[in-house]
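Below is entry-v4.cif, which holds mmCIF, C-alpha atoms.
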data_model
#
loop_
_atom_site.label_atom_id
_atom_site.label_comp_id
_atom_site.auth_asym_id
_atom_site.auth_seq_id
_atom_site.Cartn_x
_atom_site.Cartn_y
_atom_site.Cartn_z
CA MET W 1 0.00 0.00 0.00
CA THR W 2 1.32 3.46 -0.87
CA THR W 3 1.98 5.58 2.21
CA LEU W 4 1.29 9.28 2.41
CA SER W 5 5.03 10.06 2.53
CA GLU W 6 5.53 8.21 -0.76
CA ARG W 7 2.95 10.43 -2.46
CA ILE W 8 4.71 13.60 -1.32
CA SER W 9 7.90 14.46 -3.17
CA GLN W 10 8.37 18.07 -2.00
CA SER W 11 7.30 19.64 1.29
CA ALA W 12 8.29 22.54 3.52
CA PHE W 13 5.65 21.55 6.06
CA ASP W 14 6.92 18.31 7.61
CA GLY W 15 8.04 20.11 10.79
CA SER W 16 11.65 18.96 10.49
CA ARG W 17 14.74 21.07 10.94
CA LEU W 18 16.33 22.43 7.78
CA ARG W 19 19.99 22.28 6.80
CA VAL W 20 21.02 24.85 4.17
CA ILE W 21 24.32 24.41 2.34
CA LEU W 22 25.88 27.16 0.24
CA LEU W 23 28.88 26.20 -1.91
CA LEU W 24 31.01 29.17 -2.99
CA ASP W 25 33.95 29.65 -5.34
CA LEU W 26 35.64 33.01 -4.69
CA HIS W 27 37.39 35.32 -7.11
CA ASP W 28 41.16 35.48 -6.68
CA GLY W 29 42.14 37.98 -4.00
CA ALA W 30 38.58 38.35 -2.68
CA GLN W 31 38.97 36.48 0.63
CA LYS W 32 39.32 39.55 2.89
CA GLN W 33 36.30 41.24 1.30
CA PHE W 34 34.36 37.97 1.51
CA LEU W 35 35.10 37.47 5.22
CA GLU W 36 33.99 41.02 6.00
CA ALA W 37 30.77 40.50 4.04
CA TYR W 38 30.17 37.17 5.76
CA GLU W 39 30.56 38.71 9.23
CA HIS W 40 27.99 41.35 8.34
CA MET W 41 25.60 38.68 7.06
CA ARG W 42 26.21 36.35 10.02
CA ASN W 43 25.51 39.05 12.59
CA HIS W 44 22.33 39.97 10.79
CA VAL W 45 20.95 36.46 10.25
CA ALA W 46 21.59 35.53 13.90
CA SER W 47 18.52 37.59 14.89
CA VAL W 48 16.22 36.14 12.21
CA PRO W 49 13.36 34.09 13.74
CA GLY W 50 13.84 30.35 13.17
CA HIS W 51 17.62 30.51 12.69
CA ILE W 52 19.58 28.12 14.93
CA SER W 53 23.22 28.22 13.86
CA ASP W 54 25.68 28.53 11.00
CA GLN W 55 29.22 27.50 10.09
CA LEU W 56 31.79 28.89 7.67
CA CYS W 57 34.22 26.33 6.24
CA GLN W 58 37.17 26.57 3.85
CA SER W 59 38.40 23.76 1.63
CA ILE W 60 41.67 22.09 2.72
CA GLU W 61 42.38 21.32 -0.95
CA ASN W 62 41.42 24.55 -2.75
CA PRO W 63 41.47 27.76 -0.64
CA SER W 64 39.12 29.56 -3.07
CA GLN W 65 36.32 27.08 -2.26
CA TRP W 66 34.15 27.85 0.76
CA LEU W 67 31.12 26.30 2.40
CA ILE W 68 28.46 28.05 4.49
CA THR W 69 26.00 25.85 6.34
CA SER W 70 23.09 27.01 8.44
CA GLU W 71 20.46 25.19 10.46
CA TRP W 72 16.86 26.35 10.86
CA GLU W 73 13.96 25.26 13.05
CA SER W 74 12.00 24.38 9.91
CA ALA W 75 11.75 25.34 6.24
CA PRO W 76 9.04 28.08 6.45
CA PRO W 77 11.08 30.64 8.47
CA PHE W 78 14.07 30.11 6.19
CA LEU W 79 11.95 30.58 3.05
CA ALA W 80 10.41 33.73 4.53
CA TRP W 81 13.90 35.08 5.17
CA VAL W 82 15.56 34.05 1.90
CA ASN W 83 12.68 35.51 -0.17
CA SER W 84 12.61 38.85 1.66
CA GLU W 85 13.96 42.21 0.53
CA GLU W 86 15.98 42.24 3.76
CA HIS W 87 17.84 39.12 2.59
CA VAL W 88 18.46 40.60 -0.86
CA GLU W 89 20.14 43.65 0.73
CA THR W 90 22.07 41.59 3.30
CA VAL W 91 23.74 39.23 0.81
CA GLN W 92 24.40 41.87 -1.85
CA PRO W 93 28.02 42.49 -0.72
CA LEU W 94 28.82 38.77 -1.17
CA HIS W 95 28.07 38.74 -4.90
CA SER W 96 31.10 40.78 -5.95
CA CYS W 97 33.37 38.25 -4.19
CA VAL W 98 31.92 35.09 -5.67
CA ARG W 99 32.71 33.48 -9.03
CA ASP W 100 30.15 30.70 -8.67
CA THR W 101 27.63 29.60 -6.07
CA ARG W 102 25.25 26.73 -5.43
CA SER W 103 22.56 26.47 -2.74
CA LEU W 104 21.21 23.17 -1.39
CA ARG W 105 18.43 22.63 1.16
CA PHE W 106 17.79 19.46 3.15
CA SER W 107 15.34 18.32 5.82
CA VAL W 108 17.10 16.54 8.70
CA LEU W 109 16.03 12.90 8.58
CA ARG W 110 18.48 11.15 10.96
CA GLU W 111 21.38 12.24 13.17
CA THR W 112 23.93 10.60 15.47
CA GLY W 113 25.70 11.86 18.57
CA GLN W 114 24.87 15.22 20.09
CA PRO W 115 22.94 17.81 18.09
CA PHE W 116 25.10 20.50 16.52
CA VAL W 117 23.89 23.12 19.00
CA ALA W 118 22.83 21.15 22.05
CA THR W 119 21.74 24.22 24.01
CA HIS W 120 19.14 25.29 21.45
CA PRO W 121 15.74 23.60 22.11
CA SER W 122 15.01 23.22 18.39
CA ALA W 123 18.28 21.33 17.89
CA ARG W 124 16.99 18.43 19.99
CA GLN W 125 13.85 17.77 17.98
CA GLY W 126 12.32 18.13 14.54
CA LEU W 127 13.60 15.16 12.57
CA GLN W 128 11.80 14.40 9.32
CA ALA W 129 9.33 11.59 10.14
CA ALA W 130 9.77 9.54 6.97
CA ALA W 131 11.71 9.66 3.74
CA ARG W 132 9.84 11.05 0.75
CA VAL W 133 9.84 9.01 -2.43
CA GLY W 134 9.68 11.06 -5.61
CA GLU W 135 10.45 10.68 -9.29
CA GLY W 136 13.51 12.91 -9.25
CA VAL W 137 11.56 15.95 -10.48
CA VAL W 138 12.12 19.42 -9.01
CA ARG W 139 9.43 22.08 -9.40
CA HIS W 140 9.97 25.83 -9.33
CA ALA W 141 8.14 28.93 -10.50
CA LEU W 142 8.73 32.58 -11.29
CA THR W 143 6.16 35.35 -11.04
CA PHE W 144 6.29 38.98 -12.16
CA THR W 145 3.96 41.71 -13.33
CA VAL W 146 3.75 43.60 -16.62
CA LYS W 147 2.50 47.09 -17.28
CA PRO W 148 -1.33 47.32 -17.35
CA GLY W 149 -2.57 47.38 -20.94
CA SER W 150 0.33 45.25 -22.23
CA GLU W 151 -1.17 41.90 -21.29
CA GLN W 152 -2.19 40.79 -24.80
CA ALA W 153 1.17 41.74 -26.31
CA VAL W 154 3.04 39.86 -23.57
CA ALA W 155 0.79 36.80 -23.87
CA LYS W 156 1.49 36.67 -27.62
CA ILE W 157 5.26 36.82 -27.03
CA LEU W 158 5.19 34.16 -24.32
CA ALA W 159 2.98 31.81 -26.35
CA GLY W 160 5.04 32.06 -29.53
CA TYR W 161 8.67 31.49 -28.52
CA SER W 162 10.71 28.49 -29.61
CA SER W 163 11.43 25.92 -26.91
CA PRO W 164 15.06 25.63 -25.74
CA ALA W 165 17.01 22.38 -25.85
CA ALA W 166 15.62 20.04 -23.21
CA ARG W 167 18.82 18.16 -22.41
CA VAL W 168 21.03 20.09 -19.98
CA ASP W 169 23.66 17.43 -19.23
CA GLU W 170 23.75 13.68 -18.67
CA HIS W 171 21.91 14.06 -15.35
CA THR W 172 19.54 16.98 -15.96
CA ARG W 173 16.69 17.56 -18.37
CA LEU W 174 13.88 20.09 -18.74
CA ARG W 175 10.56 18.25 -18.58
CA ARG W 176 7.77 20.81 -18.76
CA THR W 177 7.11 24.55 -18.76
CA SER W 178 3.66 26.05 -18.09
CA LEU W 179 2.88 29.77 -18.39
CA PHE W 180 -0.20 31.43 -16.91
CA MET W 181 -1.57 34.95 -16.64
CA GLN W 182 -4.14 36.65 -14.44
CA GLY W 183 -4.59 40.38 -14.93
CA ASN W 184 -1.06 41.68 -15.37
CA ARG W 185 0.58 38.90 -13.31
CA ILE W 186 2.57 36.16 -15.04
CA VAL W 187 3.42 32.78 -13.49
CA ARG W 188 5.95 30.49 -15.17
CA ALA W 189 6.15 27.00 -13.66
CA ILE W 190 8.90 24.58 -14.66
CA GLU W 191 9.62 20.91 -13.99
CA VAL W 192 13.21 19.69 -14.08
CA GLN W 193 14.54 16.14 -13.95
CA GLY W 194 17.81 16.44 -12.03
CA ASP W 195 19.58 19.62 -10.92
CA LEU W 196 17.34 22.70 -10.84
CA MET W 197 20.19 25.25 -10.71
CA ALA W 198 21.98 23.62 -13.64
CA ALA W 199 18.72 23.76 -15.59
CA LEU W 200 18.11 27.43 -14.77
CA ARG W 201 21.65 28.36 -15.86
CA HIS W 202 21.18 26.33 -19.06
CA VAL W 203 17.87 28.02 -19.88
CA SER W 204 19.27 31.51 -19.29
CA ARG W 205 21.96 30.89 -21.93
CA GLN W 206 19.63 29.59 -24.64
CA PRO W 207 19.14 32.08 -27.51
CA GLU W 208 15.42 31.25 -27.77
CA VAL W 209 14.86 32.15 -24.12
CA ARG W 210 17.13 35.19 -24.26
CA ALA W 211 15.14 36.51 -27.24
CA VAL W 212 11.79 36.21 -25.48
CA GLU W 213 13.19 37.75 -22.27
CA GLU W 214 14.47 40.72 -24.27
CA ALA W 215 11.12 41.01 -26.06
CA ILE W 216 9.12 41.34 -22.82
CA ASN W 217 11.62 43.70 -21.15
CA PRO W 218 9.83 46.91 -22.25
CA TYR W 219 6.57 45.66 -20.71
CA LEU W 220 7.88 44.71 -17.23
CA GLU W 221 6.84 46.77 -14.22
CA GLN W 222 10.21 46.06 -12.58
CA ASP W 223 13.08 47.33 -14.70
CA ARG W 224 15.95 44.96 -15.45
CA ASP W 225 19.05 44.86 -17.61
CA LEU W 226 19.92 41.33 -18.69
CA ASP W 227 23.41 42.50 -19.69
CA ASP W 228 24.04 43.52 -16.08
CA PRO W 229 24.52 40.34 -13.96
CA ASN W 230 23.52 42.16 -10.76
CA SER W 231 20.31 43.57 -12.29
CA ALA W 232 19.35 40.17 -13.72
CA ARG W 233 20.12 38.42 -10.41
CA LEU W 234 17.98 40.85 -8.44
CA PHE W 235 15.07 40.46 -10.85
CA PHE W 236 15.05 36.66 -10.76
CA THR W 237 15.62 36.60 -6.99
CA ARG W 238 12.54 38.76 -6.47
CA ALA W 239 10.56 36.77 -9.05
CA ALA W 240 11.25 33.39 -7.44
CA LEU W 241 8.11 31.55 -6.33
CA PRO W 242 9.32 28.41 -4.52
CA ALA W 243 7.41 25.15 -4.46
CA VAL W 244 6.55 24.41 -0.83
CA HIS W 245 4.54 21.21 -1.32
CA HIS W 246 3.87 18.62 -4.02
CA VAL W 247 1.63 15.57 -3.77
CA ALA W 248 0.39 13.16 -6.43
CA ALA W 249 -2.51 10.69 -6.13
CA ASP W 250 -2.34 7.14 -7.42
CA GLY W 251 -4.14 5.99 -10.54
CA ARG W 252 -5.73 9.29 -11.59
CA ASN W 253 -3.47 10.24 -14.45
CA SER W 254 -5.19 9.79 -17.81
CA ASP W 255 -5.28 11.30 -21.26
CA GLU W 256 -7.93 13.73 -19.99
CA VAL W 257 -5.80 15.38 -17.31
CA ASN W 258 -5.81 19.17 -17.70
CA ARG W 259 -3.39 21.62 -16.08
CA HIS W 260 -4.65 24.66 -14.18
CA ALA W 261 -3.04 27.30 -11.98
CA LEU W 262 -5.19 28.77 -9.20
CA PHE W 263 -4.21 32.13 -7.73
CA TYR W 264 -5.16 32.59 -4.04
CA ARG W 265 -5.15 36.21 -2.90
CA ALA W 266 -4.06 35.85 0.72
CA LYS W 267 -4.74 38.54 3.27
CA ALA W 268 -1.71 40.40 4.67
CA ASP W 269 0.69 38.01 6.44
CA CYS W 270 -1.56 35.01 5.66
CA GLY W 271 0.31 33.59 2.66
CA LEU W 272 2.13 30.89 4.60
CA ALA W 273 -1.08 29.86 6.39
CA VAL W 274 -2.90 29.56 3.03
CA ALA W 275 -0.07 27.45 1.58
CA ARG W 276 0.01 25.17 4.63
CA PHE W 277 -3.80 24.78 4.55
CA LEU W 278 -3.79 23.84 0.86
CA ALA W 279 -0.93 21.37 1.40
CA GLN W 280 -2.84 19.62 4.18
CA GLN W 281 -6.02 19.49 2.13
CA ASP W 282 -4.19 18.08 -0.89
CA GLU W 283 -2.71 15.31 1.26
CA ILE W 284 -6.24 14.35 2.32
CA ALA W 285 -7.46 14.57 -1.28
CA ALA W 286 -4.79 12.09 -2.37
CA ASP W 287 -6.78 9.44 -0.46
CA ASP W 288 -10.19 10.66 -1.69
CA PRO W 289 -11.38 8.85 -4.86
CA ARG W 290 -13.89 11.68 -5.48
CA SER W 291 -11.16 14.26 -5.88
CA PRO W 292 -10.51 15.28 -9.49
CA VAL W 293 -6.98 16.42 -8.61
CA ALA W 294 -4.33 14.01 -9.88
CA SER W 295 -1.43 16.10 -8.58
CA SER W 296 -0.93 19.43 -6.88
CA THR W 297 2.03 21.74 -6.34
CA VAL W 298 1.69 24.69 -3.98
CA PHE W 299 3.99 27.67 -4.62
CA GLN W 300 4.25 30.48 -2.06
CA ARG W 301 6.18 33.69 -1.52
CA ASP W 302 4.98 36.24 1.03
CA ASP W 303 1.22 36.61 0.38
CA LEU W 304 1.36 35.19 -3.16
CA VAL W 305 0.06 31.63 -3.32
CA VAL W 306 -0.35 29.65 -6.54
CA ARG W 307 -1.59 26.07 -6.69
CA LEU W 308 -0.71 24.19 -9.87
CA ILE W 309 -3.05 21.24 -10.34
CA ASP W 310 -3.53 18.48 -12.89
CA VAL W 311 -7.24 17.68 -12.99
CA SER W 312 -9.07 14.67 -14.40
CA GLY W 313 -12.13 15.98 -16.24
CA PRO W 314 -13.50 19.54 -16.06
CA LEU W 315 -12.28 21.83 -13.30
CA THR W 316 -15.84 22.73 -12.28
CA GLY W 317 -17.00 19.12 -11.81
CA HIS W 318 -16.23 19.20 -8.06
CA PRO W 319 -15.56 22.88 -7.31
CA SER W 320 -14.85 22.50 -3.58
CA LEU W 321 -12.37 19.68 -4.09
CA ALA W 322 -10.76 21.46 -7.05
CA LEU W 323 -10.31 24.60 -4.94
CA GLY W 324 -8.72 22.53 -2.17
CA ILE W 325 -11.57 22.34 0.34
CA GLN W 326 -12.71 19.24 2.22
CA GLY W 327 -16.01 20.13 3.94
CA HIS W 328 -17.92 23.24 5.08
CA ARG W 329 -15.77 23.84 8.16
CA LYS W 330 -12.63 23.87 6.02
CA ALA W 331 -14.30 26.28 3.61
CA ALA W 332 -14.77 28.73 6.47
CA THR W 333 -11.13 28.30 7.50
CA LEU W 334 -9.83 29.09 4.02
CA ALA W 335 -12.26 32.00 3.66
CA ARG W 336 -10.79 33.74 6.72
CA LEU W 337 -7.36 33.73 5.07
CA LEU W 338 -8.31 35.04 1.62
CA ILE W 339 -9.22 38.42 0.18
CA GLY W 340 -12.79 38.04 -1.06
CA GLY W 341 -13.07 34.73 0.78
CA ASP W 342 -16.61 35.46 1.96
CA ARG W 343 -17.86 33.72 -1.20
CA VAL W 344 -16.52 30.39 0.04
CA ALA W 345 -17.20 30.85 3.76
CA GLU W 346 -20.49 28.96 3.83
CA GLY W 347 -19.42 26.16 1.50
CA ASP W 348 -22.11 27.06 -1.07
CA GLU W 349 -21.16 25.24 -4.29
CA ALA W 350 -22.49 27.95 -6.60
CA LYS W 351 -20.46 30.64 -4.83
CA ILE W 352 -17.42 28.39 -4.72
CA SER W 353 -17.74 27.78 -8.47
CA ARG W 354 -17.66 31.52 -9.12
CA PHE W 355 -14.65 31.92 -6.83
CA LEU W 356 -12.94 29.03 -8.61
CA ARG W 357 -13.46 30.65 -12.01
CA ASP W 358 -11.94 33.89 -10.71
CA ALA W 359 -8.95 32.06 -9.22
CA ASP W 360 -8.30 30.04 -12.39
CA MET W 361 -5.44 31.69 -14.29
CA GLN W 362 -5.38 31.91 -18.09
CA LEU W 363 -3.13 29.26 -19.63
CA ILE W 364 -0.70 30.89 -22.09
CA THR W 365 1.36 27.85 -23.04
CA ASP W 366 2.06 24.37 -21.67
CA ARG W 367 5.07 22.63 -23.19
CA TYR W 368 6.44 19.14 -22.70
CA ALA W 369 9.99 18.27 -23.63
CA PRO W 370 10.00 15.92 -26.63
CA PRO W 371 10.86 12.28 -25.88
CA GLU W 372 14.52 11.41 -26.28
CA SER W 373 15.47 8.93 -28.98
#

Encoding of this model in structure tokens:
Amino acid sequence: MTTLSERISQSAFDGSRLRVILLLDLHDGAQKQFLEAYEHMRNHVASVPGHISDQLCQSIENPSQWLITSEWESAPPFLAWVNSEEHVETVQPLHSCVRDTRSLRFSVLRETGQPFVATHPSARQGLQAAARVGEGVVRHALTFTVKPGSEQAVAKILAGYSSPAARVDEHTRLRRTSLFMQGNRIVRAIEVQGDLMAALRHVSRQPEVRAVEEAINPYLEQDRDLDDPNSARLFFTRAALPAVHHVAADGRNSDEVNRHALFYRAKADCGLAVARFLAQQDEIAADDPRSPVASSTVFQRDDLVVRLIDVSGPLTGHPSLALGIQGHRKAATLARLLIGGDRVAEGDEAKISRFLRDADMQLITDRYAPPES
């Protein structure tokens, strides 16, 4: 029998401690500047809620290679920090020192001996309950806004570009890209088999992608210069919409599965609560044969929450289940967290159907990588 943990391949909500690893390769002669920037960052992050500890390590084989590790009470406080403007400003001095960087994030599953920081209460608890079994696919999204009135022009550009090469290297491959729009907001969701960062670097270098990025530049509300590495980095850092939960049900995939993105307008400071609620409801739905949802990925940053779902049959067939609601009481819970949520508060199916239609984003393009020969 498939266990719940085997259905979940990504989750920030398992309650376990988080280990973050940052691999750095410094420019020649940049060590003094790097150490000063690190001290500034370390002193700042020490006061961030949820942070437990960090270490700075230098390679014994190559002195230009450094490792920063940090431990957090759980994933949500780290994601809130790393996606904040405060974080962007804090780490800015590091970028001029670094030739290359790679960030890795792990839930703590097992440990031996004494916890790393035995005096911190969170260091003595919070192990991941069970290993997740996935298919090796990483999901990520970007979101940004365009100037009002430019929506049709941008949609045409985004729907008409040529797909980049799917194969990144022997271990990594682009699987799927889905683009959605609601009003002047764009959401681009990608699925990668293998290394997400390698795939993102690969995509950024492809002439097809570079051409479409240049074409939409005049329409963006946030200015960027793709020829300026710092400007491009800031734009994509602020546009990142991390996947915080993914669950897939058994036996519901068919030729009639349709992809939708639902945009949940969370009230101020309620984005994380909305994402956690939807993740819990989707776990329950994975065991519910009535649910039309074959798989669900919840993306969240601040008060922006997007739920990407693959649905068997029409979206409106079971509006409550499609919206991520199991029962009237749960409808009231979700309603309290959403702007305009009064339409779902009483669990009325007609009102929920109207809310669902409003939340459903317009699909611009949905592209699968071609099968490899």

Inset, instruction - Report as a PyMOL selection string the residues that result from applying the PyMOL selection byres ((chain W and resi 92) around 12) to the structure here. - result: chain W and resi 34+37-38+40-41+85-91+93-98+230-231+233-234+237

Could you dump the residues just selected with C-alpha atoms as a JSON list (two decimals), in the coordinates of the input?
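For reference, out_39.json as written:
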[["chain", "number", "residue", "atom", "x", "y", "z"],
["W", 34, "PHE", "CA", 34.36, 37.97, 1.51],
["W", 37, "ALA", "CA", 30.77, 40.50, 4.04],
["W", 38, "TYR", "CA", 30.17, 37.17, 5.76],
["W", 40, "HIS", "CA", 27.99, 41.35, 8.34],
["W", 41, "MET", "CA", 25.60, 38.68, 7.06],
["W", 85, "GLU", "CA", 13.96, 42.21, 0.53],
["W", 86, "GLU", "CA", 15.98, 42.24, 3.76],
["W", 87, "HIS", "CA", 17.84, 39.12, 2.59],
["W", 88, "VAL", "CA", 18.46, 40.60, -0.86],
["W", 89, "GLU", "CA", 20.14, 43.65, 0.73],
["W", 90, "THR", "CA", 22.07, 41.59, 3.30],
["W", 91, "VAL", "CA", 23.74, 39.23, 0.81],
["W", 93, "PRO", "CA", 28.02, 42.49, -0.72],
["W", 94, "LEU", "CA", 28.82, 38.77, -1.17],
["W", 95, "HIS", "CA", 28.07, 38.74, -4.90],
["W", 96, "SER", "CA", 31.10, 40.78, -5.95],
["W", 97, "CYS", "CA", 33.37, 38.25, -4.19],
["W", 98, "VAL", "CA", 31.92, 35.09, -5.67],
["W", 230, "ASN", "CA", 23.52, 42.16, -10.76],
["W", 231, "SER", "CA", 20.31, 43.57, -12.29],
["W", 233, "ARG", "CA", 20.12, 38.42, -10.41],
["W", 234, "LEU", "CA", 17.98, 40.85, -8.44],
["W", 237, "THR", "CA", 15.62, 36.60, -6.99]]

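Between CA of Ala232 in chain W and CA of Gln206 in chain W lies a distance of 15.2 Å.
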
Legend entry - the PyMOL selection byres ((chain W and resi 336) around 12) resolved against shown file, as a PyMOL selection string: chain W and resi 265-268+270-271+273-274+277+329-335+337-346

Inset, instruction - Could you check which of W:His260, W:Lys147, W:Arg139, W:Arg188 is closest to Pro218 in chain W, using only C-alpha atoms? - result: W:Lys147

Name the residues within 9 Å of (14.5, 28.5, -25.4), counting all atoms listed in the file in the file's coordinates, and put them as a tab-separated table (two decimals) with C-alpha atoms, in the coordinates of the input.
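Writing the result to result_37.tsv gives the following:
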chain	number	residue	atom	x	y	z
W	161	TYR	CA	8.67	31.49	-28.52
W	162	SER	CA	10.71	28.49	-29.61
W	163	SER	CA	11.43	25.92	-26.91
W	164	PRO	CA	15.06	25.63	-25.74
W	165	ALA	CA	17.01	22.38	-25.85
W	166	ALA	CA	15.62	20.04	-23.21
W	203	VAL	CA	17.87	28.02	-19.88
W	204	SER	CA	19.27	31.51	-19.29
W	205	ARG	CA	21.96	30.89	-21.93
W	206	GLN	CA	19.63	29.59	-24.64
W	207	PRO	CA	19.14	32.08	-27.51
W	208	GLU	CA	15.42	31.25	-27.77
W	209	VAL	CA	14.86	32.15	-24.12
W	210	ARG	CA	17.13	35.19	-24.26
W	211	ALA	CA	15.14	36.51	-27.24
W	212	VAL	CA	11.79	36.21	-25.48

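Put simply, the PyMOL selection byres ((chain W and resi 159) around 12) on this file hits Gln152, Ala153, Val154, Ala155, Lys156, Ile157, Leu158, Gly160, Tyr161, Ser162, Ser163, Thr177, Ser178, Leu179, Phe180, Met181, Arg188, Val212, Ile216, Gln362, Leu363, Ile364, Thr365, Asp366 and Arg367 of chain W.
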
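CA of Pro289 in chain W to CA of Leu321 in chain W spans 10.9 Å [interatomic distance, one decimal].
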
Legend entry - Protein, DNA and RNA residues within 9 Å of (8.4, 33.0, -2.4), all atoms listed in the file, as a VMD selection string: chain W and resid 79 to 80 82 to 84 142 238 to 244 299 to 305

For range 231-236 of chain W, I'd like the enclosing box, axis-aligned and padded by 8 Å on every side, reported as AutoDock Vina command-line options with centre and edge lengths in Å to one decimal.
--center_x 17.7 --center_y 40.1 --center_z -11.1 --size_x 21.3 --size_y 22.9 --size_z 21.3

Inset, instruction - Excluding Glu71 in chain W and any residue of its chain fewer than 6 positions from it, enumerate the residues within 12 Å of it, using only C-alpha atoms, and give them as an MDAnalysis selection string. - result: chainID W and resid 16:22 45:46 48:55 77:78 105:108 115:117 120 122:123 126

Inset, instruction - Tell me which of W:Glu36, W:Glu170, W:Glu73, W:Asp227 sits closest to Phe13 in chain W, counting only C-alpha atoms. - result: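 Checking each of W:Glu36, W:Glu170, W:Glu73, W:Asp227 against Phe13 in chain W, counting only C-alpha atoms, the winner is W:Glu73.
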
Inset, instruction - Please provide as a VMD selection string all residues within 8 Å of Arg259 in chain W, with the sequence filter that same-chain residues fewer than 3 positions apart are discarded (counting all atoms listed in the file). - result: chain W and resid 308 to 311
